[in-house]
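File shown here: start_16.cif, holding mmCIF, C-alpha atoms, pLDDT in the B column; chains and numbers go by the auth columns.
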data_run
#
loop_
_atom_site.group_PDB
_atom_site.id
_atom_site.type_symbol
_atom_site.label_atom_id
_atom_site.label_comp_id
_atom_site.label_asym_id
_atom_site.label_seq_id
_atom_site.Cartn_x
_atom_site.Cartn_y
_atom_site.Cartn_z
_atom_site.B_iso_or_equiv
_atom_site.auth_seq_id
_atom_site.auth_asym_id
ATOM 1 C CA MET A 1 23.996 7.561 18.794 35.00 319 A
ATOM 2 C CA GLU A 2 25.425 4.521 17.069 42.00 320 A
ATOM 3 C CA THR A 3 22.983 2.192 18.795 49.00 321 A
ATOM 4 C CA HIS A 4 20.022 4.086 17.379 64.00 322 A
ATOM 5 C CA GLN A 5 21.022 3.504 13.806 74.00 323 A
ATOM 6 C CA LEU A 6 18.541 2.550 11.133 79.00 324 A
ATOM 7 C CA HIS A 7 19.576 0.326 8.275 80.00 325 A
ATOM 8 C CA PRO A 8 17.535 1.423 5.283 81.00 326 A
ATOM 9 C CA GLU A 9 19.601 -0.710 2.928 81.00 327 A
ATOM 10 C CA ASN A 10 18.130 -3.836 4.561 82.00 328 A
ATOM 11 C CA TRP A 11 14.558 -2.611 4.793 84.00 329 A
ATOM 12 C CA VAL A 12 13.239 -4.162 1.618 85.00 330 A
ATOM 13 C CA ASP A 13 14.708 -7.580 2.372 82.00 331 A
ATOM 14 C CA GLN A 14 13.677 -7.647 5.993 82.00 332 A
ATOM 15 C CA TYR A 15 10.370 -5.867 6.206 87.00 333 A
ATOM 16 C CA ALA A 16 8.823 -5.484 2.747 87.00 334 A
ATOM 17 C CA ASP A 17 6.757 -8.679 2.952 87.00 335 A
ATOM 18 C CA TYR A 18 5.638 -8.039 6.508 88.00 336 A
ATOM 19 C CA LEU A 19 4.578 -4.463 5.773 90.00 337 A
ATOM 20 C CA PHE A 20 2.955 -5.588 2.544 90.00 338 A
ATOM 21 C CA ASN A 21 0.827 -8.171 4.354 88.00 339 A
ATOM 22 C CA TYR A 22 -0.174 -5.594 6.903 88.00 340 A
ATOM 23 C CA ALA A 23 -1.136 -3.145 4.174 89.00 341 A
ATOM 24 C CA VAL A 24 -3.028 -5.671 2.058 86.00 342 A
ATOM 25 C CA SER A 25 -5.152 -6.694 5.007 83.00 343 A
ATOM 26 C CA ARG A 26 -6.163 -3.068 5.446 86.00 344 A
ATOM 27 C CA VAL A 27 -6.640 -1.744 1.930 84.00 345 A
ATOM 28 C CA SER A 28 -7.341 -5.051 0.145 76.00 346 A
ATOM 29 C CA ASP A 29 -5.719 -3.935 -3.070 82.00 347 A
ATOM 30 C CA THR A 30 -2.269 -5.202 -3.866 83.00 348 A
ATOM 31 C CA GLU A 31 -1.264 -2.250 -6.049 86.00 349 A
ATOM 32 C CA VAL A 32 -2.281 0.308 -3.445 88.00 350 A
ATOM 33 C CA ALA A 33 -0.603 -1.764 -0.748 89.00 351 A
ATOM 34 C CA LYS A 34 2.621 -1.845 -2.719 89.00 352 A
ATOM 35 C CA ASP A 35 2.586 1.917 -3.098 90.00 353 A
ATOM 36 C CA LEU A 36 1.900 2.386 0.583 91.00 354 A
ATOM 37 C CA VAL A 37 4.885 0.216 1.498 90.00 355 A
ATOM 38 C CA GLN A 38 7.061 2.189 -0.859 90.00 356 A
ATOM 39 C CA GLU A 39 5.845 5.476 0.597 90.00 357 A
ATOM 40 C CA THR A 40 6.473 4.150 4.077 91.00 358 A
ATOM 41 C CA PHE A 41 10.092 3.432 3.243 89.00 359 A
ATOM 42 C CA PHE A 42 10.548 6.912 1.780 89.00 360 A
ATOM 43 C CA ALA A 43 8.884 8.566 4.737 90.00 361 A
ATOM 44 C CA GLY A 44 11.026 6.503 7.068 88.00 362 A
ATOM 45 C CA LEU A 45 14.112 7.651 5.281 86.00 363 A
ATOM 46 C CA LYS A 46 13.032 11.253 5.415 86.00 364 A
ATOM 47 C CA SER A 47 12.359 11.224 9.139 85.00 365 A
ATOM 48 C CA ALA A 48 15.204 8.891 10.024 82.00 366 A
ATOM 49 C CA LYS A 49 16.737 11.561 12.208 81.00 367 A
ATOM 50 C CA ASN A 50 13.651 11.477 14.440 81.00 368 A
ATOM 51 C CA TYR A 51 14.152 7.805 15.149 82.00 369 A
ATOM 52 C CA LYS A 52 15.097 7.602 18.787 81.00 370 A
ATOM 53 C CA GLY A 53 15.740 3.907 18.993 78.00 371 A
ATOM 54 C CA THR A 54 13.034 3.350 21.574 80.00 372 A
ATOM 55 C CA ALA A 55 11.143 0.965 19.306 81.00 373 A
ATOM 56 C CA ALA A 56 12.398 -1.761 17.030 84.00 374 A
ATOM 57 C CA GLU A 57 12.915 -0.764 13.439 85.00 375 A
ATOM 58 C CA ARG A 58 9.943 -2.774 12.276 86.00 376 A
ATOM 59 C CA THR A 59 7.568 -1.370 14.887 88.00 377 A
ATOM 60 C CA TRP A 60 8.636 2.092 13.875 89.00 378 A
ATOM 61 C CA LEU A 61 7.975 1.373 10.204 90.00 379 A
ATOM 62 C CA ILE A 62 4.585 -0.155 11.003 90.00 380 A
ATOM 63 C CA ALA A 63 3.672 3.037 12.852 90.00 381 A
ATOM 64 C CA ILE A 64 4.461 5.039 9.727 92.00 382 A
ATOM 65 C CA LEU A 65 2.524 2.605 7.567 92.00 383 A
ATOM 66 C CA LYS A 66 -0.536 2.980 9.805 91.00 384 A
ATOM 67 C CA ARG A 67 -0.470 6.733 9.139 91.00 385 A
ATOM 68 C CA LYS A 68 -0.140 6.067 5.432 91.00 386 A
ATOM 69 C CA VAL A 69 -3.182 3.790 5.466 91.00 387 A
ATOM 70 C CA ILE A 70 -5.224 6.466 7.223 91.00 388 A
ATOM 71 C CA ASP A 71 -4.031 9.078 4.735 90.00 389 A
ATOM 72 C CA HIS A 72 -5.007 6.762 1.905 89.00 390 A
ATOM 73 C CA TYR A 73 -8.588 6.481 3.140 87.00 391 A
ATOM 74 C CA ARG A 74 -8.767 10.197 3.776 86.00 392 A
ATOM 75 C CA LYS A 75 -7.689 10.846 0.241 84.00 393 A
ATOM 76 C CA ILE A 76 -10.168 8.548 -1.453 81.00 394 A
ATOM 77 C CA TYR A 77 -13.015 9.909 0.606 77.00 395 A
ATOM 78 C CA SER A 78 -12.138 13.509 -0.072 75.00 396 A
ATOM 79 C CA ASN A 79 -12.005 12.667 -3.769 64.00 397 A
ATOM 80 C CA LYS A 80 -15.551 11.494 -3.604 59.00 398 A
ATOM 81 C CA GLY A 81 -16.554 14.669 -1.835 55.00 399 A
ATOM 82 C CA LYS A 82 -17.640 13.203 1.381 58.00 400 A
ATOM 83 C CA ALA A 83 -18.034 9.962 3.140 55.00 401 A
ATOM 84 C CA GLU A 84 -21.280 8.196 2.535 59.00 402 A
ATOM 85 C CA VAL A 85 -23.126 6.189 5.080 59.00 403 A
ATOM 86 C CA ARG A 86 -25.631 3.806 3.609 60.00 404 A
ATOM 87 C CA MET A 87 -28.235 2.174 5.716 59.00 405 A
ATOM 88 C CA SER A 88 -30.805 -0.126 4.367 59.00 406 A
ATOM 89 C CA TYR A 89 -33.578 -1.977 6.004 55.00 407 A
ATOM 90 C CA SER A 90 -32.958 -5.643 5.911 55.00 408 A
ATOM 91 C CA SER A 91 -35.255 -7.078 3.308 55.00 409 A
ATOM 92 C CA HIS A 92 -36.852 -9.734 5.426 54.00 410 A
ATOM 93 C CA SER A 93 -38.217 -7.427 8.086 51.00 411 A
ATOM 94 C CA ASP A 94 -40.833 -5.040 6.801 54.00 412 A
ATOM 95 C CA THR A 95 -42.447 -4.929 10.171 55.00 413 A
ATOM 96 C CA ASP A 96 -41.822 -1.683 11.949 57.00 414 A
ATOM 97 C CA GLY A 97 -39.912 -1.591 15.171 57.00 415 A
ATOM 98 C CA ASP A 98 -36.509 -2.926 15.974 62.00 416 A
ATOM 99 C CA TRP A 99 -34.769 -2.337 12.665 59.00 417 A
ATOM 100 C CA LEU A 100 -31.748 -0.629 14.191 63.00 418 A
ATOM 101 C CA GLU A 101 -31.192 -3.477 16.581 63.00 419 A
ATOM 102 C CA GLU A 102 -31.357 -5.865 13.673 61.00 420 A
ATOM 103 C CA GLN A 103 -28.447 -4.117 11.998 63.00 421 A
ATOM 104 C CA VAL A 104 -26.179 -4.669 14.948 66.00 422 A
ATOM 105 C CA ALA A 105 -23.666 -7.480 14.715 63.00 423 A
ATOM 106 C CA ASP A 106 -24.770 -10.857 15.907 67.00 424 A
ATOM 107 C CA PRO A 107 -23.033 -11.311 19.270 65.00 425 A
ATOM 108 C CA ILE A 108 -22.920 -15.079 18.925 68.00 426 A
ATOM 109 C CA SER A 109 -21.409 -15.122 15.457 68.00 427 A
ATOM 110 C CA THR A 110 -17.651 -15.619 15.350 68.00 428 A
ATOM 111 C CA LEU A 111 -17.332 -15.118 11.617 70.00 429 A
ATOM 112 C CA GLU A 112 -15.687 -11.729 11.864 70.00 430 A
ATOM 113 C CA ASN A 113 -13.328 -13.005 14.532 75.00 431 A
ATOM 114 C CA ASP A 114 -12.112 -15.634 12.107 78.00 432 A
ATOM 115 C CA ARG A 115 -11.072 -12.977 9.673 78.00 433 A
ATOM 116 C CA ILE A 116 -9.199 -10.998 12.289 80.00 434 A
ATOM 117 C CA GLU A 117 -7.605 -14.119 13.666 81.00 435 A
ATOM 118 C CA ASN A 118 -6.467 -15.217 10.234 82.00 436 A
ATOM 119 C CA GLU A 119 -4.903 -11.847 9.610 82.00 437 A
ATOM 120 C CA GLU A 120 -3.008 -12.123 12.854 84.00 438 A
ATOM 121 C CA LEU A 121 -1.991 -15.625 11.898 87.00 439 A
ATOM 122 C CA GLY A 122 -0.726 -14.346 8.567 86.00 440 A
ATOM 123 C CA LEU A 123 1.429 -11.733 10.269 85.00 441 A
ATOM 124 C CA ALA A 124 2.702 -14.290 12.772 88.00 442 A
ATOM 125 C CA ILE A 125 3.721 -16.645 9.973 89.00 443 A
ATOM 126 C CA GLN A 126 5.328 -13.781 8.099 87.00 444 A
ATOM 127 C CA GLU A 127 7.302 -12.834 11.184 86.00 445 A
ATOM 128 C CA CYS A 128 8.522 -16.387 11.626 89.00 446 A
ATOM 129 C CA ILE A 129 9.485 -16.576 7.970 88.00 447 A
ATOM 130 C CA SER A 130 11.543 -13.414 8.333 85.00 448 A
ATOM 131 C CA LYS A 131 13.545 -15.090 11.088 86.00 449 A
ATOM 132 C CA LEU A 132 14.606 -17.938 8.798 88.00 450 A
ATOM 133 C CA PRO A 133 17.962 -17.935 7.052 90.00 451 A
ATOM 134 C CA LYS A 134 17.637 -16.086 3.774 86.00 452 A
ATOM 135 C CA LYS A 135 17.922 -19.040 1.424 88.00 453 A
ATOM 136 C CA GLN A 136 15.396 -21.094 3.357 91.00 454 A
ATOM 137 C CA SER A 137 12.864 -18.317 3.536 88.00 455 A
ATOM 138 C CA LEU A 138 13.267 -17.697 -0.183 87.00 456 A
ATOM 139 C CA VAL A 139 12.599 -21.342 -1.033 90.00 457 A
ATOM 140 C CA PHE A 140 9.719 -21.586 1.419 91.00 458 A
ATOM 141 C CA ILE A 141 8.037 -18.454 0.072 89.00 459 A
ATOM 142 C CA MET A 142 8.414 -19.562 -3.531 88.00 460 A
ATOM 143 C CA LYS A 143 7.029 -22.988 -2.765 90.00 461 A
ATOM 144 C CA THR A 144 4.302 -22.219 -0.263 89.00 462 A
ATOM 145 C CA ILE A 145 3.082 -18.713 -0.976 86.00 463 A
ATOM 146 C CA GLN A 146 3.804 -18.358 -4.659 84.00 464 A
ATOM 147 C CA GLY A 147 3.069 -22.019 -5.289 85.00 465 A
ATOM 148 C CA MET A 148 5.857 -22.471 -7.781 87.00 466 A
ATOM 149 C CA SER A 149 6.734 -25.939 -9.017 88.00 467 A
ATOM 150 C CA THR A 150 9.822 -27.695 -7.714 90.00 468 A
ATOM 151 C CA GLU A 151 11.344 -27.701 -11.161 90.00 469 A
ATOM 152 C CA ASP A 152 10.969 -23.944 -11.657 89.00 470 A
ATOM 153 C CA ILE A 153 12.459 -23.115 -8.288 90.00 471 A
ATOM 154 C CA CYS A 154 15.427 -25.390 -8.904 92.00 472 A
ATOM 155 C CA LYS A 155 16.030 -23.758 -12.240 90.00 473 A
ATOM 156 C CA GLU A 156 15.782 -20.258 -10.870 87.00 474 A
ATOM 157 C CA LEU A 157 18.021 -20.845 -7.866 89.00 475 A
ATOM 158 C CA GLY A 158 20.381 -23.334 -9.483 90.00 476 A
ATOM 159 C CA ILE A 159 19.879 -26.083 -6.902 91.00 477 A
ATOM 160 C CA ASN A 160 18.827 -29.707 -7.225 91.00 478 A
ATOM 161 C CA PRO A 161 15.526 -31.106 -5.927 90.00 479 A
ATOM 162 C CA SER A 162 17.020 -32.925 -2.953 90.00 480 A
ATOM 163 C CA ASN A 163 18.656 -29.662 -1.902 91.00 481 A
ATOM 164 C CA LEU A 164 15.302 -27.989 -2.161 93.00 482 A
ATOM 165 C CA TRP A 165 13.522 -30.561 -0.021 93.00 483 A
ATOM 166 C CA VAL A 166 16.177 -30.356 2.668 93.00 484 A
ATOM 167 C CA MET A 167 15.747 -26.579 2.794 93.00 485 A
ATOM 168 C CA ILE A 168 11.965 -26.932 2.872 94.00 486 A
ATOM 169 C CA HIS A 169 12.317 -29.421 5.690 94.00 487 A
ATOM 170 C CA ARG A 170 14.503 -27.101 7.748 94.00 488 A
ATOM 171 C CA ALA A 171 12.218 -24.164 7.087 94.00 489 A
ATOM 172 C CA ARG A 172 9.103 -26.083 8.071 94.00 490 A
ATOM 173 C CA THR A 173 10.693 -27.455 11.229 93.00 491 A
ATOM 174 C CA ALA A 174 11.801 -23.965 12.228 92.00 492 A
ATOM 175 C CA LEU A 175 8.351 -22.551 11.524 92.00 493 A
ATOM 176 C CA MET A 176 6.691 -25.229 13.633 91.00 494 A
ATOM 177 C CA GLY A 177 8.970 -24.267 16.495 90.00 495 A
ATOM 178 C CA CYS A 178 8.374 -20.572 15.973 89.00 496 A
ATOM 179 C CA LEU A 179 4.605 -20.801 15.722 87.00 497 A
ATOM 180 C CA ASN A 180 4.461 -23.390 18.443 79.00 498 A
ATOM 181 C CA GLN A 181 3.737 -21.174 21.428 70.00 499 A
ATOM 182 C CA ASN A 182 0.720 -19.444 19.981 69.00 500 A
ATOM 183 C CA TRP A 183 -0.821 -21.322 17.139 73.00 501 A
ATOM 184 C CA PHE A 184 -0.594 -25.067 17.517 67.00 502 A
ATOM 185 C CA MET B 1 11.947 -50.004 5.248 80.00 1407 B
ATOM 186 C CA ILE B 2 12.875 -46.348 5.012 89.00 1408 B
ATOM 187 C CA SER B 3 14.755 -44.141 7.422 92.00 1409 B
ATOM 188 C CA CYS B 4 13.215 -41.283 9.369 93.00 1410 B
ATOM 189 C CA ASP B 5 15.050 -38.773 7.183 92.00 1411 B
ATOM 190 C CA GLU B 6 13.475 -40.231 4.083 92.00 1412 B
ATOM 191 C CA ALA B 7 10.097 -40.333 5.776 94.00 1413 B
ATOM 192 C CA ALA B 8 10.388 -36.649 6.674 94.00 1414 B
ATOM 193 C CA ILE B 9 11.204 -35.698 3.092 93.00 1415 B
ATOM 194 C CA ILE B 10 8.249 -37.672 1.759 94.00 1416 B
ATOM 195 C CA CYS B 11 6.040 -36.099 4.387 95.00 1417 B
ATOM 196 C CA ASN B 12 7.129 -32.647 3.243 94.00 1418 B
ATOM 197 C CA LYS B 13 6.519 -33.554 -0.382 93.00 1419 B
ATOM 198 C CA LYS B 14 3.076 -34.719 0.585 94.00 1420 B
ATOM 199 C CA GLN B 15 2.288 -31.240 1.963 93.00 1421 B
ATOM 200 C CA TYR B 16 2.758 -29.910 -1.548 92.00 1422 B
ATOM 201 C CA LYS B 17 1.006 -32.888 -3.153 92.00 1423 B
ATOM 202 C CA GLU B 18 4.209 -33.991 -4.800 92.00 1424 B
ATOM 203 C CA ALA B 19 4.693 -37.407 -3.221 92.00 1425 B
ATOM 204 C CA SER B 20 4.255 -40.338 -5.561 93.00 1426 B
ATOM 205 C CA PHE B 21 1.909 -43.211 -4.802 94.00 1427 B
ATOM 206 C CA ILE B 22 4.745 -45.546 -3.849 95.00 1428 B
ATOM 207 C CA GLU B 23 6.273 -42.881 -1.617 94.00 1429 B
ATOM 208 C CA LYS B 24 2.970 -42.421 0.154 94.00 1430 B
ATOM 209 C CA ILE B 25 2.742 -46.150 0.855 94.00 1431 B
ATOM 210 C CA LYS B 26 6.304 -46.156 2.183 95.00 1432 B
ATOM 211 C CA LEU B 27 5.431 -43.239 4.439 95.00 1433 B
ATOM 212 C CA VAL B 28 2.301 -44.883 5.821 94.00 1434 B
ATOM 213 C CA MET B 29 4.258 -48.068 6.559 94.00 1435 B
ATOM 214 C CA HIS B 30 6.893 -46.038 8.354 95.00 1436 B
ATOM 215 C CA LEU B 31 4.350 -44.082 10.382 95.00 1437 B
ATOM 216 C CA LEU B 32 2.849 -47.349 11.616 94.00 1438 B
ATOM 217 C CA TYR B 33 5.797 -48.081 13.851 93.00 1439 B
ATOM 218 C CA CYS B 34 7.603 -44.731 14.208 94.00 1440 B
ATOM 219 C CA ASN B 35 6.155 -42.515 16.876 94.00 1441 B
ATOM 220 C CA THR B 36 8.413 -39.525 16.292 93.00 1442 B
ATOM 221 C CA CYS B 37 7.572 -39.359 12.615 94.00 1443 B
ATOM 222 C CA SER B 38 3.865 -39.746 13.331 94.00 1444 B
ATOM 223 C CA LYS B 39 4.029 -36.684 15.546 93.00 1445 B
ATOM 224 C CA PHE B 40 6.043 -34.794 12.991 93.00 1446 B
ATOM 225 C CA SER B 41 3.639 -35.766 10.256 94.00 1447 B
ATOM 226 C CA LYS B 42 0.670 -34.512 12.240 93.00 1448 B
ATOM 227 C CA ARG B 43 2.307 -31.185 13.044 92.00 1449 B
ATOM 228 C CA ASN B 44 3.429 -30.805 9.481 93.00 1450 B
ATOM 229 C CA ALA B 45 -0.145 -31.194 8.280 93.00 1451 B
ATOM 230 C CA GLU B 46 -1.243 -28.631 10.851 91.00 1452 B
ATOM 231 C CA LEU B 47 1.344 -26.182 9.568 92.00 1453 B
ATOM 232 C CA THR B 48 0.023 -26.651 6.054 92.00 1454 B
ATOM 233 C CA ALA B 49 -3.501 -25.999 7.295 90.00 1455 B
ATOM 234 C CA LEU B 50 -2.354 -22.819 9.048 89.00 1456 B
ATOM 235 C CA CYS B 51 -0.567 -21.570 5.956 89.00 1457 B
ATOM 236 C CA ASP B 52 -3.662 -22.240 3.849 87.00 1458 B
ATOM 237 C CA LYS B 53 -5.917 -20.484 6.298 85.00 1459 B
ATOM 238 C CA ALA B 54 -3.851 -17.353 6.625 82.00 1460 B
ATOM 239 C CA PRO B 55 -4.039 -14.774 3.881 80.00 1461 B
ATOM 240 C CA LEU B 56 -0.371 -14.763 2.936 81.00 1462 B
ATOM 241 C CA HIS B 57 0.831 -12.291 0.394 81.00 1463 B
ATOM 242 C CA CYS B 58 4.263 -11.498 -0.769 79.00 1464 B
ATOM 243 C CA LEU B 59 5.772 -8.977 -3.062 78.00 1465 B
ATOM 244 C CA PRO B 60 7.147 -10.390 -6.296 78.00 1466 B
ATOM 245 C CA ALA B 61 10.943 -10.370 -6.401 75.00 1467 B
ATOM 246 C CA LYS B 62 10.821 -7.985 -9.345 78.00 1468 B
ATOM 247 C CA ASP B 63 8.887 -5.368 -7.409 82.00 1469 B
ATOM 248 C CA LYS B 64 11.262 -5.724 -4.506 81.00 1470 B
ATOM 249 C CA LEU B 65 14.242 -5.067 -6.733 82.00 1471 B
ATOM 250 C CA ILE B 66 12.629 -1.910 -8.081 84.00 1472 B
ATOM 251 C CA MET B 67 11.788 -0.819 -4.560 83.00 1473 B
ATOM 252 C CA LYS B 68 15.327 -1.446 -3.445 82.00 1474 B
ATOM 253 C CA LYS B 69 16.728 0.604 -6.285 83.00 1475 B
ATOM 254 C CA ASP B 70 14.369 3.505 -5.639 82.00 1476 B
ATOM 255 C CA LEU B 71 15.251 3.447 -1.985 80.00 1477 B
ATOM 256 C CA GLN B 72 18.952 3.210 -2.709 79.00 1478 B
ATOM 257 C CA ASP B 73 18.697 6.311 -4.904 80.00 1479 B
ATOM 258 C CA LYS B 74 17.260 8.290 -2.031 75.00 1480 B
ATOM 259 C CA ILE B 75 19.757 7.259 0.595 72.00 1481 B
#

Just give me the structure as structure tokens.
Amino acid sequence: METHQLHPENWVDQYADYLFNYAVSRVSDTEVAKDLVQETFFAGLKSAKNYKGTAAERTWLIAILKRKVIDHYRKIYSNKGKAEVRMSYSSHSDTDGDWLEEQVADPISTLENDRIENEELGLAIQECISKLPKKQSLVFIMKTIQGMSTEDICKELGINPSNLWVMIHRARTALMGCLNQNWF
Amino acid sequence: MISCDEAAIICNKKQYKEASFIEKIKLVMHLLYCNTCSKFSKRNAELTALCDKAPLHCLPAKDKLIMKKDLQDKI
């Protein structure tokens, strides 16, 4: 049984950002997403004894989070009473006939693919970041995602700027290698 | 003349728009004759473009601490 152990004490450090990104891309509200991640961790803890070790910890947590996202949508729709489906005629076609066909997605357009692809890219980057040594990932996140100034980061972490740039360099090189296969 | 290490650092600074004018000139001069750094510079710019394109979010450290504490209480 030892091999099937979960390590809840590391969950927040290892998976919080990944799960959060996943949740944000689905509910597009950071507060809700945060709550969902929190609930996921609690639910994971509660059903830890059902974890058989067949999937990686993160995959298992993502599976729980998916359920939580579905529950979230169920809840907000039941609050409203029922789901609403709105259909409107597109304004520029008052001629009768093919209105339903006009509502269907444009098969040539790749706009919606871009969005999906970018979400996947975001998760891929997040995964690569989580493989970095802790200090490097911290600096990289502060600099790249939070957009903090060099000075602020140095103050907060108690390092000097040349230290910071060396860590950024290592992080970026590692990320290039990690993303290499799929995204360059 | 600057070394490749210096060039790499300037290149990284440039990704965050923190390289000074003189540094940028030094970098361009270096890239003229250094093939390895030219490649690195190109890939570095691509990485920046990827990071900009992707919707990256992260939880603030404060929220994570609270989360950790709540979780710790339940363990």

Tell me as an MDAnalysis selection string which residues belonging to chain B come within 12 Å of chain A, counting only C-alpha atoms.
chainID B and resid 1411:1425 1445:1481

Between CA of Met485 in chain A and CA of His1436 in chain B, what is the distance in Å, rounded to a tenth?
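Answer for the CA of Met485 in chain A to CA of His1436 in chain B separation: 22.1 Å.
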
Point-to-point distance from CA of Cys472 in chain A to CA of Met1407 in chain B, Å rounded to tenths:
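Atom-to-atom, CA of Cys472 in chain A and CA of Met1407 in chain B are spaced 28.6 Å apart.
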
Apply the PyMOL selection byres ((chain A and resi 376-385) around 9) to the structure shown and report the selected residues as a PDB file with C-alpha atoms, in the frame of the given file.
ATOM      1  CA  TRP A 329      14.558  -2.611   4.793  1.00 84.00           C
ATOM      2  CA  GLN A 332      13.677  -7.647   5.993  1.00 82.00           C
ATOM      3  CA  TYR A 333      10.370  -5.867   6.206  1.00 87.00           C
ATOM      4  CA  TYR A 336       5.638  -8.039   6.508  1.00 88.00           C
ATOM      5  CA  LEU A 337       4.578  -4.463   5.773  1.00 90.00           C
ATOM      6  CA  TYR A 340      -0.174  -5.594   6.903  1.00 88.00           C
ATOM      7  CA  ALA A 341      -1.136  -3.145   4.174  1.00 89.00           C
ATOM      8  CA  LEU A 354       1.900   2.386   0.583  1.00 91.00           C
ATOM      9  CA  VAL A 355       4.885   0.216   1.498  1.00 90.00           C
ATOM     10  CA  GLU A 357       5.845   5.476   0.597  1.00 90.00           C
ATOM     11  CA  THR A 358       6.473   4.150   4.077  1.00 91.00           C
ATOM     12  CA  PHE A 359      10.092   3.432   3.243  1.00 89.00           C
ATOM     13  CA  ALA A 361       8.884   8.566   4.737  1.00 90.00           C
ATOM     14  CA  GLY A 362      11.026   6.503   7.068  1.00 88.00           C
ATOM     15  CA  TYR A 369      14.152   7.805  15.149  1.00 82.00           C
ATOM     16  CA  GLY A 371      15.740   3.907  18.993  1.00 78.00           C
ATOM     17  CA  THR A 372      13.034   3.350  21.574  1.00 80.00           C
ATOM     18  CA  ALA A 373      11.143   0.965  19.306  1.00 81.00           C
ATOM     19  CA  ALA A 374      12.398  -1.761  17.030  1.00 84.00           C
ATOM     20  CA  GLU A 375      12.915  -0.764  13.439  1.00 85.00           C
ATOM     21  CA  LYS A 386      -0.140   6.067   5.432  1.00 91.00           C
ATOM     22  CA  VAL A 387      -3.182   3.790   5.466  1.00 91.00           C
ATOM     23  CA  ILE A 388      -5.224   6.466   7.223  1.00 91.00           C
ATOM     24  CA  ASP A 389      -4.031   9.078   4.735  1.00 90.00           C
ATOM     25  CA  HIS A 390      -5.007   6.762   1.905  1.00 89.00           C
TER      26      HIS A 390
END

Residue nearest Ile471 in chain A - candidates A:Asn431, A:Gln499, A:Ser346, A:Phe458, atoms counted: all atoms listed in the file:
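Looking only at the distances to Ile471 in chain A, the closest residue turns out to be A:Phe458.
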